[in-house]
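Structure below is entry-v6.cif: mmCIF, C-alpha atoms.
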```cif
data_target
#
loop_
_atom_site.label_atom_id
_atom_site.label_comp_id
_atom_site.auth_asym_id
_atom_site.auth_seq_id
_atom_site.Cartn_x
_atom_site.Cartn_y
_atom_site.Cartn_z
CA MET A 1 25.34 -22.52 162.91
CA PRO A 2 24.12 -25.86 164.34
CA GLN A 3 21.15 -27.51 162.67
CA LEU A 4 17.93 -27.43 164.64
CA SER A 5 16.15 -30.64 165.54
CA LEU A 6 12.77 -31.59 164.09
CA LYS A 7 11.04 -30.43 167.27
CA GLU A 8 12.97 -27.14 167.34
CA GLN A 9 12.08 -26.36 163.72
CA PHE A 10 8.46 -27.36 164.29
CA ALA A 11 8.33 -25.08 167.36
CA ALA A 12 9.91 -22.16 165.48
CA LEU A 13 7.27 -22.38 162.73
CA ILE A 14 4.44 -22.44 165.28
CA ALA A 15 5.96 -19.44 167.10
CA THR A 16 6.03 -17.32 163.92
CA PRO A 17 2.57 -15.77 163.39
CA SER A 18 1.21 -15.92 159.83
CA VAL A 19 -2.57 -15.49 160.01
CA SER A 20 -4.35 -14.83 156.74
CA CYS A 21 -7.89 -13.53 157.01
CA THR A 22 -10.55 -11.70 155.03
CA GLN A 23 -10.73 -9.18 157.92
CA PRO A 24 -7.84 -6.69 157.44
CA ASN A 25 -7.38 -6.16 161.20
CA LEU A 26 -6.59 -9.87 161.65
CA ASP A 27 -4.54 -10.39 158.48
CA GLN A 28 -0.75 -10.76 158.86
CA SER A 29 2.33 -11.13 156.69
CA ASN A 30 3.86 -14.60 156.24
CA ARG A 31 7.35 -13.16 155.78
CA GLY A 32 8.70 -14.67 159.00
CA VAL A 33 7.76 -18.23 158.04
CA ILE A 34 9.21 -17.83 154.54
CA GLU A 35 12.46 -16.44 155.97
CA LEU A 36 12.80 -19.41 158.35
CA LEU A 37 12.20 -21.95 155.59
CA SER A 38 14.54 -20.15 153.17
CA ALA A 39 17.33 -20.13 155.77
CA TRP A 40 16.92 -23.79 156.70
CA LEU A 41 16.57 -25.08 153.14
CA GLY A 42 19.33 -22.78 151.89
CA ASP A 43 21.70 -24.24 154.52
CA LEU A 44 20.93 -27.70 153.10
CA GLY A 45 21.89 -26.62 149.58
CA PHE A 46 18.48 -25.80 148.15
CA ALA A 47 18.19 -22.91 145.69
CA CYS A 48 15.53 -20.67 147.22
CA GLU A 49 13.34 -18.37 145.16
CA VAL A 50 10.98 -16.00 147.01
CA GLN A 51 8.08 -14.41 145.14
CA GLU A 52 6.20 -11.44 146.60
CA VAL A 53 2.59 -12.08 145.60
CA THR A 54 1.05 -8.99 147.20
CA PRO A 55 2.63 -6.57 149.69
CA GLY A 56 3.81 -8.59 152.70
CA LYS A 57 2.71 -11.94 151.23
CA PHE A 58 5.26 -14.36 149.81
CA ASN A 59 5.64 -17.73 148.10
CA LEU A 60 8.81 -19.81 148.43
CA LEU A 61 9.99 -22.29 145.81
CA ALA A 62 13.08 -24.16 146.98
CA SER A 63 14.72 -26.66 144.63
CA TYR A 64 17.39 -29.30 145.04
CA GLY A 65 18.71 -30.79 141.82
CA SER A 66 17.63 -29.70 138.39
CA GLY A 67 15.99 -30.86 135.21
CA PRO A 68 12.49 -31.81 134.18
CA GLY A 69 10.22 -34.05 136.24
CA GLY A 70 10.81 -34.57 139.92
CA LEU A 71 8.63 -34.16 142.99
CA VAL A 72 6.94 -31.12 144.55
CA LEU A 73 6.23 -31.25 148.30
CA ALA A 74 3.84 -28.40 148.92
CA GLY A 75 1.96 -26.63 151.65
CA HIS A 76 0.71 -23.26 152.81
CA SER A 77 2.60 -21.06 155.23
CA ASP A 78 -0.43 -19.30 156.73
CA THR A 79 -2.94 -20.21 159.43
CA VAL A 80 -6.50 -19.20 160.24
CA PRO A 81 -7.16 -16.63 162.99
CA PHE A 82 -7.35 -17.94 166.55
CA ASP A 83 -9.26 -17.25 169.76
CA ALA A 84 -6.48 -17.29 172.36
CA ALA A 85 -9.00 -17.32 175.22
CA LEU A 86 -10.40 -20.66 174.01
CA TRP A 87 -7.00 -22.38 173.94
CA LYS A 88 -5.78 -24.27 177.01
CA THR A 89 -2.18 -23.66 175.89
CA ASP A 90 -0.42 -20.77 174.14
CA PRO A 91 -1.43 -21.17 170.46
CA LEU A 92 1.95 -19.76 169.34
CA LYS A 93 4.02 -22.14 171.46
CA LEU A 94 4.54 -25.81 170.66
CA THR A 95 3.28 -27.76 173.69
CA GLU A 96 3.36 -31.53 174.20
CA VAL A 97 0.09 -32.81 175.67
CA ASP A 98 -0.87 -36.50 175.92
CA GLY A 99 1.27 -37.62 172.98
CA ARG A 100 0.27 -34.67 170.81
CA TRP A 101 2.11 -31.59 169.58
CA VAL A 102 -0.35 -28.74 170.19
CA GLY A 103 -0.08 -25.35 168.52
CA LEU A 104 -1.57 -23.17 165.79
CA GLY A 105 -0.49 -24.64 162.44
CA SER A 106 0.67 -27.96 163.89
CA CYS A 107 -1.99 -29.84 161.94
CA ASP A 108 -2.96 -27.29 159.28
CA MET A 109 -0.20 -27.13 158.25
CA LYS A 110 3.08 -25.32 158.91
CA GLY A 111 4.47 -28.30 160.80
CA PHE A 112 4.58 -30.27 157.54
CA PHE A 113 7.60 -28.25 156.39
CA ALA A 114 9.66 -29.40 159.39
CA LEU A 115 8.78 -33.00 158.49
CA ILE A 116 9.90 -32.45 154.87
CA ILE A 117 13.27 -31.17 156.10
CA GLU A 118 13.64 -34.10 158.49
CA ALA A 119 12.87 -36.52 155.64
CA VAL A 120 15.29 -35.04 153.12
CA LYS A 121 18.37 -34.39 155.30
CA PRO A 122 19.83 -37.93 155.20
CA LEU A 123 19.20 -38.21 151.43
CA LEU A 124 21.19 -35.17 150.34
CA ALA A 125 24.47 -37.10 150.04
CA GLN A 126 22.95 -39.10 147.18
CA ARG A 127 22.75 -37.90 143.59
CA PHE A 128 19.33 -36.55 142.71
CA GLN A 129 18.32 -37.85 139.28
CA GLN A 130 15.33 -35.49 139.22
CA PRO A 131 14.71 -32.37 141.32
CA LEU A 132 12.93 -32.06 144.65
CA LEU A 133 10.95 -28.83 145.01
CA VAL A 134 9.56 -27.54 148.30
CA LEU A 135 6.72 -25.08 147.78
CA ALA A 136 5.36 -22.82 150.53
CA THR A 137 2.47 -20.57 149.54
CA CYS A 138 0.69 -17.59 151.08
CA ASP A 139 -2.97 -16.91 151.83
CA GLU A 140 -4.36 -20.42 151.29
CA GLU A 141 -6.76 -19.85 154.18
CA SER A 142 -8.27 -16.76 152.55
CA SER A 143 -7.79 -15.83 148.89
CA MET A 144 -5.43 -18.61 147.71
CA ALA A 145 -3.51 -15.74 146.11
CA GLY A 146 -0.22 -17.62 146.36
CA ALA A 147 -1.36 -20.68 144.44
CA ARG A 148 -3.29 -18.54 141.94
CA ALA A 149 -0.16 -16.48 141.22
CA LEU A 150 1.83 -19.66 140.68
CA ALA A 151 -0.76 -21.05 138.28
CA ALA A 152 -1.00 -17.73 136.44
CA ALA A 153 2.78 -17.68 135.92
CA GLY A 154 2.42 -21.04 134.19
CA ARG A 155 5.88 -22.33 135.08
CA PRO A 156 6.05 -26.14 135.06
CA LEU A 157 7.01 -27.51 138.47
CA GLY A 158 7.41 -31.28 138.63
CA ARG A 159 6.07 -34.63 137.55
CA ALA A 160 4.16 -35.12 140.78
CA ALA A 161 3.00 -32.91 143.65
CA VAL A 162 2.00 -33.92 147.17
CA ILE A 163 0.25 -31.34 149.35
CA GLY A 164 0.58 -32.06 153.07
CA GLU A 165 -2.87 -30.90 154.17
CA PRO A 166 -4.41 -32.88 157.06
CA THR A 167 -5.67 -36.22 155.71
CA GLY A 168 -4.62 -38.62 158.47
CA LEU A 169 -1.95 -40.01 156.08
CA ARG A 170 -4.63 -41.23 153.69
CA PRO A 171 -4.30 -40.23 150.02
CA ILE A 172 -6.96 -37.85 148.69
CA ARG A 173 -7.66 -37.48 144.97
CA LEU A 174 -10.97 -35.54 144.95
CA HIS A 175 -12.34 -32.52 146.75
CA LYS A 176 -15.19 -30.04 146.51
CA GLY A 177 -14.94 -26.50 145.19
CA VAL A 178 -14.84 -23.50 147.50
CA MET A 179 -16.79 -20.28 147.01
CA MET A 180 -16.35 -17.41 149.49
CA GLU A 181 -19.05 -14.78 148.92
CA ARG A 182 -20.13 -11.47 150.46
CA ILE A 183 -23.49 -9.70 150.66
CA ASP A 184 -23.41 -5.97 151.47
CA ILE A 185 -26.67 -4.22 152.30
CA LEU A 186 -26.87 -0.44 152.44
CA GLY A 187 -30.00 0.94 154.10
CA GLN A 188 -30.77 4.24 155.80
CA SER A 189 -29.93 4.91 159.43
CA GLY A 190 -32.26 6.90 161.65
CA HIS A 191 -33.61 7.24 165.18
CA SER A 192 -34.95 3.90 166.40
CA SER A 193 -38.00 5.54 167.96
CA ASP A 194 -39.52 6.12 164.52
CA PRO A 195 -39.07 3.26 161.99
CA SER A 196 -40.20 5.56 159.15
CA LEU A 197 -36.96 7.54 159.49
CA GLY A 198 -34.82 4.75 158.04
CA HIS A 199 -34.55 1.43 156.23
CA SER A 200 -32.95 -1.33 158.28
CA ALA A 201 -30.10 -3.13 156.57
CA LEU A 202 -30.15 -5.66 159.41
CA GLU A 203 -33.78 -6.59 158.81
CA ALA A 204 -33.08 -6.94 155.10
CA MET A 205 -30.11 -9.20 155.94
CA HIS A 206 -32.42 -11.33 158.08
CA GLY A 207 -34.46 -11.95 154.93
CA ALA A 208 -31.32 -12.63 152.87
CA ILE A 209 -30.14 -15.24 155.38
CA ALA A 210 -33.53 -16.96 155.28
CA GLU A 211 -33.28 -17.17 151.47
CA LEU A 212 -29.74 -18.59 151.65
CA LEU A 213 -30.81 -21.28 154.09
CA GLN A 214 -33.72 -22.20 151.85
CA LEU A 215 -31.40 -22.48 148.84
CA ARG A 216 -29.03 -24.62 150.91
CA GLN A 217 -31.85 -27.03 151.70
CA GLN A 218 -32.85 -27.15 148.03
CA TRP A 219 -29.32 -27.82 146.80
CA GLN A 220 -28.75 -30.51 149.41
CA GLN A 221 -31.86 -32.30 148.20
CA GLU A 222 -30.83 -32.00 144.53
CA TYR A 223 -27.12 -32.87 144.69
CA ARG A 224 -25.34 -35.79 146.31
CA ASN A 225 -22.02 -37.59 145.76
CA PRO A 226 -21.47 -40.59 148.04
CA GLN A 227 -17.68 -40.54 147.48
CA PHE A 228 -17.53 -37.63 149.94
CA SER A 229 -17.88 -38.05 153.71
CA VAL A 230 -20.19 -35.01 153.54
CA PRO A 231 -22.04 -36.06 150.38
CA GLN A 232 -24.05 -32.85 149.85
CA PRO A 233 -22.93 -29.31 149.04
CA THR A 234 -22.62 -27.13 152.15
CA LEU A 235 -23.25 -23.44 152.86
CA ASN A 236 -21.82 -21.85 156.02
CA LEU A 237 -22.75 -18.38 157.31
CA GLY A 238 -19.27 -17.34 158.45
CA CYS A 239 -19.37 -13.77 159.78
CA ILE A 240 -21.76 -10.84 159.96
CA HIS A 241 -21.21 -7.16 160.75
CA GLY A 242 -23.76 -4.36 160.97
CA GLY A 243 -25.00 -1.36 162.87
CA ASP A 244 -23.37 0.51 165.70
CA ASN A 245 -25.91 1.20 168.46
CA PRO A 246 -29.21 -0.22 169.77
CA ASN A 247 -31.04 3.10 169.34
CA ARG A 248 -30.10 3.62 165.67
CA ILE A 249 -31.75 1.96 162.70
CA CYS A 250 -29.03 -0.17 161.15
CA GLY A 251 -27.76 1.56 158.00
CA GLN A 252 -25.27 -1.05 156.78
CA CYS A 253 -24.87 -4.80 157.19
CA SER A 254 -22.51 -7.29 155.56
CA LEU A 255 -22.42 -11.09 155.55
CA GLU A 256 -19.62 -13.38 154.41
CA PHE A 257 -20.43 -17.01 153.67
CA ASP A 258 -18.79 -20.11 152.30
CA LEU A 259 -20.36 -22.42 149.70
CA ARG A 260 -18.79 -25.79 148.82
CA PRO A 261 -20.16 -27.17 145.54
CA LEU A 262 -19.73 -30.76 144.44
CA PRO A 263 -17.92 -31.51 141.18
CA GLY A 264 -20.40 -30.76 138.41
CA MET A 265 -22.12 -27.84 140.16
CA ASP A 266 -21.48 -24.61 138.23
CA PRO A 267 -20.57 -21.69 140.55
CA GLU A 268 -22.11 -19.13 138.19
CA VAL A 269 -25.44 -20.98 138.20
CA LEU A 270 -25.38 -20.98 142.01
CA ARG A 271 -24.61 -17.26 142.11
CA ALA A 272 -27.42 -16.51 139.67
CA ALA A 273 -29.88 -18.35 141.94
CA ILE A 274 -28.73 -16.28 144.92
CA ARG A 275 -29.07 -13.00 142.99
CA GLN A 276 -32.59 -13.95 141.96
CA LYS A 277 -33.55 -14.33 145.64
CA LEU A 278 -31.90 -11.06 146.71
CA GLN A 279 -33.49 -8.74 144.13
CA PRO A 280 -37.04 -8.81 145.61
CA LEU A 281 -35.62 -8.20 149.10
CA ALA A 282 -33.95 -4.97 147.98
CA ILE A 283 -37.28 -3.67 146.70
CA GLN A 284 -39.24 -4.88 149.74
CA HIS A 285 -36.88 -3.27 152.28
CA GLN A 286 -35.93 -0.23 150.15
CA VAL A 287 -32.21 -1.00 150.45
CA THR A 288 -29.29 -1.53 148.09
CA ILE A 289 -27.93 -5.08 148.00
CA ASP A 290 -24.51 -5.83 146.53
CA PHE A 291 -23.55 -9.49 146.12
CA ALA A 292 -20.11 -10.53 144.88
CA PRO A 293 -17.41 -13.16 145.39
CA LEU A 294 -14.79 -12.35 148.01
CA PHE A 295 -12.32 -14.31 145.90
CA PRO A 296 -12.49 -16.28 142.68
CA CYS A 297 -13.93 -19.77 143.18
CA VAL A 298 -11.50 -22.57 144.03
CA PRO A 299 -12.25 -25.29 141.48
CA ALA A 300 -13.28 -28.76 142.50
CA PHE A 301 -10.38 -31.21 142.15
CA GLU A 302 -10.06 -34.73 140.79
CA GLN A 303 -6.90 -36.72 140.00
CA ALA A 304 -7.42 -39.84 137.89
CA ALA A 305 -7.58 -43.03 139.95
CA ASP A 306 -5.04 -44.76 137.69
CA ALA A 307 -2.39 -41.99 137.90
CA GLU A 308 1.11 -43.13 138.87
CA LEU A 309 1.14 -40.92 141.97
CA VAL A 310 -2.23 -42.22 143.17
CA ARG A 311 -1.19 -45.84 142.77
CA LEU A 312 2.17 -45.22 144.46
CA ALA A 313 0.57 -43.44 147.42
CA GLU A 314 -2.00 -46.21 147.80
CA ARG A 315 0.77 -48.79 147.86
CA LEU A 316 2.91 -46.85 150.35
CA THR A 317 0.07 -46.00 152.75
CA GLY A 318 -2.07 -49.12 152.40
CA TYR A 319 -5.19 -46.99 151.83
CA SER A 320 -7.30 -46.44 148.72
CA ALA A 321 -7.48 -42.81 147.59
CA GLU A 322 -10.55 -40.98 148.88
CA ALA A 323 -12.51 -37.72 148.58
CA VAL A 324 -12.76 -34.84 151.09
CA ALA A 325 -15.13 -31.93 151.55
CA PHE A 326 -12.49 -29.25 152.14
CA GLY A 327 -10.73 -27.35 149.37
CA THR A 328 -6.98 -27.14 148.71
CA GLU A 329 -4.45 -25.71 146.28
CA ALA A 330 -4.42 -29.01 144.36
CA PRO A 331 -6.27 -27.76 141.24
CA TYR A 332 -3.68 -25.00 140.76
CA LEU A 333 -0.73 -27.40 140.91
CA GLN A 334 -2.61 -29.76 138.59
CA GLN A 335 -2.95 -26.87 136.11
CA LEU A 336 0.88 -26.71 136.01
CA GLY A 337 1.11 -30.27 134.76
CA CYS A 338 1.69 -32.10 138.05
CA GLU A 339 -0.08 -35.31 138.95
CA THR A 340 -1.39 -34.08 142.30
CA LEU A 341 -2.44 -35.70 145.55
CA ILE A 342 -3.32 -34.45 149.03
CA LEU A 343 -1.60 -36.44 151.76
CA GLY A 344 -0.54 -35.20 155.18
CA PRO A 345 -0.29 -36.28 158.82
CA GLY A 346 -2.88 -34.07 160.53
CA ASP A 347 -6.57 -34.68 161.21
CA ILE A 348 -8.99 -32.25 159.59
CA SER A 349 -11.36 -32.68 162.56
CA CYS A 350 -9.05 -30.56 164.75
CA ALA A 351 -8.04 -28.01 162.10
CA HIS A 352 -9.35 -24.44 162.62
CA GLN A 353 -10.13 -25.39 166.25
CA PRO A 354 -8.72 -24.24 169.59
CA GLY A 355 -6.15 -26.80 170.69
CA GLU A 356 -5.18 -27.81 167.15
CA PHE A 357 -2.70 -30.71 167.35
CA LEU A 358 -0.65 -33.30 165.53
CA GLU A 359 -0.41 -36.82 166.93
CA MET A 360 3.26 -37.53 167.69
CA SER A 361 2.68 -41.11 166.52
CA ARG A 362 2.33 -39.68 162.98
CA LEU A 363 5.73 -37.95 162.94
CA GLN A 364 7.99 -40.83 161.96
CA PRO A 365 5.47 -42.51 159.59
CA THR A 366 5.23 -39.19 157.74
CA VAL A 367 9.01 -38.84 157.53
CA ARG A 368 9.29 -42.42 156.20
CA LEU A 369 6.55 -41.83 153.64
CA LEU A 370 8.15 -38.61 152.40
CA ARG A 371 11.51 -40.37 152.05
CA GLU A 372 9.89 -43.10 149.97
CA LEU A 373 8.25 -40.52 147.71
CA ILE A 374 11.57 -38.67 147.28
CA GLN A 375 13.31 -41.98 146.57
CA HIS A 376 10.79 -42.83 143.85
CA TYR A 377 10.67 -39.48 142.07
CA CYS A 378 14.10 -37.97 142.69
CA LEU A 379 16.69 -40.63 143.47
CA SER A 380 15.63 -43.50 141.22
CA PRO A 381 16.50 -43.30 137.50
CA ALA A 382 13.88 -41.31 135.63
CA THR A 383 11.15 -43.41 134.10
CA ALA A 384 8.68 -42.57 131.38
CA SER A 385 5.48 -41.23 132.88
#
```
What's the structure tokens form of this structure?
Amino acid sequence: MPQLSLKEQFAALIATPSVSCTQPNLDQSNRGVIELLSAWLGDLGFACEVQEVTPGKFNLLASYGSGPGGLVLAGHSDTVPFDAALWKTDPLKLTEVDGRWVGLGSCDMKGFFALIIEAVKPLLAQRFQQPLLVLATCDEESSMAGARALAAAGRPLGRAAVIGEPTGLRPIRLHKGVMMERIDILGQSGHSSDPSLGHSALEAMHGAIAELLQLRQQWQQEYRNPQFSVPQPTLNLGCIHGGDNPNRICGQCSLEFDLRPLPGMDPEVLRAAIRQKLQPLAIQHQVTIDFAPLFPCVPAFEQAADAELVRLAERLTGYSAEAVAFGTEAPYLQQLGCETLILGPGDISCAHQPGEFLEMSRLQPTVRLLRELIQHYCLSPATAS
């Protein structure tokens, strides 16, 4: 079976749907992406291990060479949901537009796996002194269940790990935490012509949203870290569902929101502050309010500035390591003993957007950079770390 080109592999990944989402009707399996990667890497001589994390959701750990140490090149196999009507091209078809490869997952971040394969192919004739591991996880865009399962298993991976999230090929050694939370309000439905017949969950949610926005303002005044391009914590009201008809008092309403604390902000303290604001609303509106995390909090991440991987990446890219506001799987790989860095070719400004793209001018620089990282960690004689 002839090997596919970089563009053909990139296109095949884009064409294989793998949406992960908190809404069950939008959530999909990532099996197809994992099967593609397993086949391609297996043909190159990698030992491929597939882990089913939850039904229909899989991690892939592919290894070339053996022994302690080595390099992990990591990414997630899923994408966010998409609004096809807002795309100018087919989101599941790789399209070249003005020097860009456009398609869902091109930037964030399935395309990174095709670049890893392109980088490693000419190196496989050499003897690997330490292993190269390619890690593809599931559900990074929702629960991070794949990375959590890996961390829970506690199996050491490698000496260093590079996650190819979109950073514009600049090394990232810090990021904020991620909290995804849900408020459920249960009221009493009734005929809209007589407000006394019910208790509106929607009106109670209006009050809850006002309290959240007030807390956001308070936290943004209290906390600031200038290392981040967005130096304050953020709170985003992501989706809301409630009611079923204009002439019925709304009996149930739910809100999902995203809170990104700075390093040093305790998620449990933040949750306690939210609960304190919600309790009086339940009494005032005569409703039941349930507030809970959608998923466990993603920890904030920091890799020491003097780590070998940080210094190497700074030398290879010509950029000093920075901080970003978005969360990644980095803290979970760090828990497994890897020096960890986030470094990939996409631009976060176009991630999660219609028309997501990867600049074609980044393709070969990424391949060169990955080859240099593999050379350092896998092909050179092992050095004391």
*From the list A:Phe112, A:Gln375, A:Ala325, A:Gly45, which residue is nearest Ser349 in chain A when using only C-alpha atoms?*
A:Ala325
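Counting from CA of Ala201 in chain A, the distance to CA of Thr22 in chain A is 21.4 Å.
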*Nearby residues (all atoms listed in the file) at most 9 Å from Pro233 in chain A, same-chain spacing under 6 positions excluded, as a PyMOL selection string*: chain A and resi 176+216+219-220+223-225+259-262+325
*asked:* Need the shell around range 312-316 of chain A: protein/DNA/RNA residues with any atom at most 10 Å away, counting only C-alpha atoms. Skip same-chain ones fewer than 3 positions apart. Format as a PyMOL selection string?
replied: chain A and resi 162+169-172+306-309+319-321+341-343+368-370+372-373+376
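When CA of Ser106 in chain A is paired with CA of Ala85 in chain A, their separation reads 18.3 Å.
With the shown file loaded, the PyMOL selection byres ((chain A and resi 122-133) around 7) picks out Leu61, Ala62, Ser63, Tyr64, Gly65, Ser66, Gly67, Pro68, Gly69, Gly70, Leu71, Val72, Leu73, Val120, Lys121, Val134, Leu135, Tyr377, Cys378, Leu379, Ser380, Pro381 and Ala382 of chain A.
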Convert the current residue selection to file output with C-alpha atoms, as an mmCIF file, keeping the file's coordinate frame.
```
data_model
loop_
_atom_site.group_PDB
_atom_site.id
_atom_site.type_symbol
_atom_site.label_atom_id
_atom_site.label_comp_id
_atom_site.auth_asym_id
_atom_site.auth_seq_id
_atom_site.Cartn_x
_atom_site.Cartn_y
_atom_site.Cartn_z
ATOM 1 C CA LEU A 61 9.990 -22.290 145.810
ATOM 2 C CA ALA A 62 13.080 -24.160 146.980
ATOM 3 C CA SER A 63 14.720 -26.660 144.630
ATOM 4 C CA TYR A 64 17.390 -29.300 145.040
ATOM 5 C CA GLY A 65 18.710 -30.790 141.820
ATOM 6 C CA SER A 66 17.630 -29.700 138.390
ATOM 7 C CA GLY A 67 15.990 -30.860 135.210
ATOM 8 C CA PRO A 68 12.490 -31.810 134.180
ATOM 9 C CA GLY A 69 10.220 -34.050 136.240
ATOM 10 C CA GLY A 70 10.810 -34.570 139.920
ATOM 11 C CA LEU A 71 8.630 -34.160 142.990
ATOM 12 C CA VAL A 72 6.940 -31.120 144.550
ATOM 13 C CA LEU A 73 6.230 -31.250 148.300
ATOM 14 C CA VAL A 120 15.290 -35.040 153.120
ATOM 15 C CA LYS A 121 18.370 -34.390 155.300
ATOM 16 C CA VAL A 134 9.560 -27.540 148.300
ATOM 17 C CA LEU A 135 6.720 -25.080 147.780
ATOM 18 C CA TYR A 377 10.670 -39.480 142.070
ATOM 19 C CA CYS A 378 14.100 -37.970 142.690
ATOM 20 C CA LEU A 379 16.690 -40.630 143.470
ATOM 21 C CA SER A 380 15.630 -43.500 141.220
ATOM 22 C CA PRO A 381 16.500 -43.300 137.500
ATOM 23 C CA ALA A 382 13.880 -41.310 135.630
#
```
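Note that the spacing between CA of His285 in chain A and CA of Leu202 in chain A amounts to 10.1 Å.
Residues in contact range of range 141-147 of chain A, defined as at most 7 Å between only C-alpha atoms, with sequence neighbours fewer than 2 positions away removed, read Ser20, Cys21, Thr22, Val53, Asn59, Asp78, Thr79, Val80, Thr137, Cys138, Asp139, Ala149, Leu150, Ala151, Phe295, Glu329 and Tyr332 of chain A.
Using all atoms listed in the file, the nearest neighbour of Asn247 in chain A within the list A:Gly190, A:Thr95, A:Gln51, A:Val33 is A:Gly190.
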Give me range 162-176 of chain A with N, CA and C atoms filled in, as a compact mmCIF listing (two decimals), keeping the file's coordinate frame.
```txt
# COMPACT_ATOMS: atom_id res chain seq x y z
N VAL A 162 2.71 -33.45 145.98
CA VAL A 162 2.00 -33.92 147.17
C VAL A 162 1.82 -32.73 148.10
N ILE A 163 0.58 -32.46 148.46
CA ILE A 163 0.25 -31.34 149.35
C ILE A 163 -0.06 -31.92 150.73
N GLY A 164 0.67 -31.44 151.75
CA GLY A 164 0.58 -32.06 153.07
C GLY A 164 -0.54 -31.57 153.95
N GLU A 165 -1.69 -31.28 153.37
CA GLU A 165 -2.87 -30.90 154.17
C GLU A 165 -3.29 -32.08 155.07
N PRO A 166 -4.05 -31.80 156.13
CA PRO A 166 -4.41 -32.88 157.06
C PRO A 166 -5.36 -33.91 156.46
N THR A 167 -4.85 -35.13 156.24
CA THR A 167 -5.67 -36.22 155.71
C THR A 167 -5.51 -37.50 156.53
N GLY A 168 -4.83 -37.41 157.68
CA GLY A 168 -4.62 -38.62 158.47
C GLY A 168 -3.75 -39.64 157.76
N LEU A 169 -2.84 -39.16 156.89
CA LEU A 169 -1.95 -40.01 156.08
C LEU A 169 -2.71 -40.95 155.16
N ARG A 170 -3.87 -40.51 154.72
CA ARG A 170 -4.63 -41.23 153.69
C ARG A 170 -4.60 -40.40 152.41
N PRO A 171 -4.35 -41.01 151.26
CA PRO A 171 -4.30 -40.23 150.02
C PRO A 171 -5.67 -39.73 149.59
N ILE A 172 -5.72 -38.50 149.12
CA ILE A 172 -6.96 -37.85 148.69
C ILE A 172 -6.81 -37.41 147.24
N ARG A 173 -7.75 -37.84 146.39
CA ARG A 173 -7.66 -37.48 144.97
C ARG A 173 -8.86 -36.68 144.46
N LEU A 174 -9.84 -36.38 145.33
CA LEU A 174 -10.97 -35.54 144.95
C LEU A 174 -11.30 -34.59 146.09
N HIS A 175 -11.71 -33.37 145.73
CA HIS A 175 -12.34 -32.52 146.75
C HIS A 175 -13.34 -31.56 146.11
N LYS A 176 -14.17 -30.99 146.96
CA LYS A 176 -15.19 -30.04 146.51
C LYS A 176 -14.56 -28.70 146.12
```
